[in-house]
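> The file below is input_31.cif, mmCIF, C-alpha atoms:
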```cif
data_work
#
loop_
_atom_site.label_atom_id
_atom_site.label_comp_id
_atom_site.auth_asym_id
_atom_site.auth_seq_id
_atom_site.Cartn_x
_atom_site.Cartn_y
_atom_site.Cartn_z
CA GLU A 1 9.74 -4.91 10.83
CA LEU A 2 7.49 -2.15 9.56
CA ILE A 3 5.49 -4.50 7.32
CA ASP A 4 4.61 -6.59 10.36
CA GLU A 5 3.31 -3.50 12.16
CA PHE A 6 1.05 -2.75 9.19
CA LYS A 7 -0.12 -6.37 9.13
CA GLY A 8 -0.99 -6.23 12.81
CA LEU A 9 -3.02 -3.05 12.36
CA VAL A 10 -5.04 -4.52 9.50
CA CYS A 11 -5.47 -8.05 10.82
CA PHE A 12 -5.96 -7.47 14.54
CA ASN A 13 -7.01 -3.86 15.17
CA THR A 14 -9.86 -3.83 12.66
CA ILE A 15 -11.16 -7.41 12.61
CA GLN A 16 -13.19 -8.78 15.50
CA THR A 17 -13.34 -12.53 14.84
CA GLU A 18 -10.32 -14.75 15.17
CA HIS A 19 -11.37 -16.84 12.17
CA LEU A 20 -11.42 -13.78 9.88
CA GLN A 21 -8.15 -12.51 11.38
CA ASP A 22 -6.51 -15.82 10.46
CA LYS A 23 -8.01 -15.72 6.97
CA VAL A 24 -6.67 -12.22 6.28
CA MET A 25 -3.25 -13.13 7.69
CA VAL A 26 -3.06 -16.07 5.25
CA LYS A 27 -4.06 -13.78 2.34
CA TRP A 28 -1.52 -11.17 3.52
CA ASP A 29 1.29 -13.74 3.61
CA ALA A 30 0.31 -15.11 0.19
CA LEU A 31 0.35 -11.60 -1.29
CA CYS A 32 3.75 -10.91 0.28
CA ASP A 33 5.00 -14.13 -1.34
CA ASP A 34 3.58 -12.96 -4.66
CA VAL A 35 4.69 -9.32 -4.74
CA GLY A 36 7.36 -9.24 -2.04
CA ARG A 37 7.39 -7.76 1.43
CA GLU A 38 9.01 -4.54 0.20
CA SER A 39 6.26 -3.83 -2.33
CA MET A 40 3.60 -4.65 0.24
CA GLN A 41 5.20 -2.34 2.78
CA SER A 42 5.57 0.42 0.21
CA ALA A 43 1.95 0.03 -0.87
CA CYS A 44 0.82 0.53 2.73
CA TRP A 45 2.73 3.71 3.41
CA LEU A 46 2.27 5.14 -0.07
CA ARG A 47 -1.50 4.79 0.38
CA ALA A 48 -1.19 6.61 3.71
CA GLN A 49 0.77 9.41 2.04
CA LEU A 50 -1.85 9.69 -0.65
CA GLN A 51 -4.62 9.94 1.94
CA HIS A 52 -2.80 12.62 3.93
CA GLN A 53 -1.63 14.40 0.78
CA LYS A 54 1.84 14.79 2.20
CA ARG A 55 5.04 12.84 2.15
CA VAL A 56 5.71 10.60 5.13
CA VAL A 57 9.38 10.47 6.07
CA SER A 58 10.48 7.01 4.94
CA ASN A 59 13.22 6.61 7.54
CA ASP A 60 10.93 7.24 10.52
CA ASN A 61 9.09 3.98 11.26
CA TYR A 62 6.99 5.52 14.04
CA LYS A 63 5.62 8.21 11.72
CA GLN A 64 4.92 5.64 9.02
CA VAL A 65 3.01 3.39 11.42
CA ASP A 66 1.07 6.32 12.88
CA SER A 67 0.26 7.64 9.42
CA PHE A 68 -0.90 4.23 8.21
CA GLU A 69 -2.97 3.66 11.35
CA ASP A 70 -4.65 7.04 10.90
CA TYR A 71 -5.37 6.25 7.25
CA LEU A 72 -6.79 2.84 8.16
CA LYS A 73 -9.06 4.34 10.83
CA LYS A 74 -10.33 6.98 8.39
CA TYR A 75 -11.06 4.29 5.80
CA ILE A 76 -12.98 2.17 8.32
CA ASP A 77 -14.89 5.19 9.62
CA SER A 78 -15.83 6.47 6.17
CA ASN A 79 -16.89 3.03 4.92
CA LYS A 80 -19.41 1.95 7.53
CA GLY A 81 -19.52 -1.78 8.04
CA SER A 82 -16.02 -2.26 6.65
CA ASN A 83 -13.13 -3.94 8.40
CA GLY A 84 -9.54 -4.98 7.76
CA ASN A 85 -10.63 -7.76 5.42
CA MET A 86 -12.45 -5.36 3.14
CA PHE A 87 -9.57 -2.87 3.37
CA PHE A 88 -7.13 -5.60 2.38
CA ASN A 89 -9.27 -6.78 -0.56
CA GLU A 90 -10.30 -3.36 -1.86
CA VAL A 91 -7.22 -1.23 -1.16
CA LEU A 92 -4.03 -3.06 -0.24
CA GLU A 93 -4.12 -6.05 -2.56
CA PRO A 94 -4.76 -4.03 -5.74
CA SER A 95 -2.26 -1.36 -4.68
CA ALA A 96 0.51 -3.86 -3.97
CA LYS A 97 -0.08 -5.66 -7.27
CA VAL A 98 -0.02 -2.45 -9.32
CA LEU A 99 3.11 -1.22 -7.53
CA GLU A 100 4.92 -4.52 -8.10
CA SER A 101 3.88 -4.55 -11.78
CA PHE A 102 5.25 -1.03 -12.10
CA ARG A 103 8.53 -1.96 -10.43
CA ARG A 104 8.96 -4.98 -12.69
CA GLY A 105 8.13 -2.98 -15.81
CA ASN A 106 4.92 -4.92 -16.51
CA LEU A 107 2.42 -2.14 -15.89
CA VAL A 108 0.28 -1.18 -18.86
CA LEU A 109 -0.51 2.51 -18.79
CA PRO A 110 -3.99 3.49 -19.93
CA THR A 111 -4.25 5.37 -23.20
CA CYS A 112 -6.28 8.54 -23.49
CA GLY A 113 -8.37 7.92 -26.59
CA SER A 114 -7.20 9.78 -29.65
CA SER A 115 -4.99 12.28 -27.85
CA SER A 116 -1.84 13.19 -29.71
CA THR A 117 0.18 13.32 -26.50
CA SER A 118 1.69 10.09 -25.31
CA SER A 119 2.30 8.80 -21.84
CA PRO A 120 5.87 8.79 -20.62
CA SER A 121 7.58 5.50 -21.33
CA LEU A 122 7.51 2.93 -18.57
CA SER A 123 11.29 2.64 -18.67
CA PHE A 124 11.55 6.39 -18.08
CA LEU A 125 9.15 6.26 -15.14
CA ARG A 126 10.96 3.29 -13.62
CA ALA A 127 14.33 5.01 -14.05
CA THR A 128 13.09 8.10 -12.25
CA THR A 129 12.11 6.03 -9.21
CA GLN A 130 15.76 5.12 -8.75
CA VAL A 131 16.44 8.76 -7.90
CA THR A 132 15.47 9.79 -4.38
CA THR A 133 13.47 12.81 -5.53
CA GLY A 134 11.65 10.68 -8.08
CA LYS A 135 10.12 8.25 -5.56
CA GLU A 136 6.89 10.25 -5.66
CA ILE A 137 6.16 8.69 -9.05
CA GLU A 138 5.43 5.44 -7.24
CA LEU A 139 2.86 7.35 -5.22
CA VAL A 140 1.15 8.45 -8.42
CA VAL A 141 1.09 4.91 -9.76
#
```
Could you write out this structure as C-alpha cells?

Amino acid sequence: ELIDEFKGLVCFNTIQTEHLQDKVMVKWDALCDDVGRESMQSACWLRAQLQHQKRVVSNDNYKQVDSFEDYLKKYIDSNKGSNGNMFFNEVLEPSAKVLESFRRGNLVLPTCGSSSTSSPSLSFLRATTQVTTGKEIELVV
C-alpha cells in the first residue's frame, strides 16, 4: 500500500541506526492506530503537494511516492542534521493529527482578533471536502 511506501521512505531511507528505525516504526504504527492509515497517508501526500505547490494526481501511486520522496529529501537537505525521526515528529505527526481532527469535525479554527469577518463553519468546510474539487481544502488545513 501507498502508506507503507511512505513509511519505508521515512523509517529506512533517512535513518541510519536500526534502533532509531525501530523506534520511529513503532511511533508510526501508534499514530496510524490513533488517526487511521488513511489520514496518515493523506497527510504525507498533502504535505508533498504543499511543498511542490501543485496537485499530485491521487490515483497515481508512483507519482505520489516520487513526490513524497522528493519532499522528504528537500526537508532533510534544508534542515541539516535532521533525519526521518525529526521529520516524523515535526511534520508528519502534527499534520496527521490536524487532518484527522478536521475530518472528525473537532478542529478549532483560530480566530483573528476583533475582525468582523468570521471563519467559514467547520461543517461547511467538511462538506466541501466530500466534493472532488473541494479536496484542496484539506491541503489548506
> Let me make sure I understand: among A:Lys97, A:Lys73, A:Lys63, A:Arg104, which one has the smallest atom-to-atom distance to Leu31 in chain A if we use only C-alpha atoms?
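Closest candidate: A:Lys97.
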> List the residues selected by the PyMOL selection byres ((chain A and resi 23) around 12) in the file shown, writing them as a count of residues only.
22
> Separation of CA of Thr14 in chain A and CA of Leu72 in chain A, in Å?
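So the two atoms, CA of Thr14 in chain A and CA of Leu72 in chain A, lie 8.6 Å apart.
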> Find, counting all atoms listed in the file, the residue in A:Ala96, A:Cys44, A:Glu38, A:Gly105 that gets nearest to Glu69 in chain A.
A:Cys44
> Rounded to one decimal, what separation in Å do you get between CA of Asp70 in chain A and CA of Gly8 in chain A?
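Computing it gives 13.9 Å between the two atoms.
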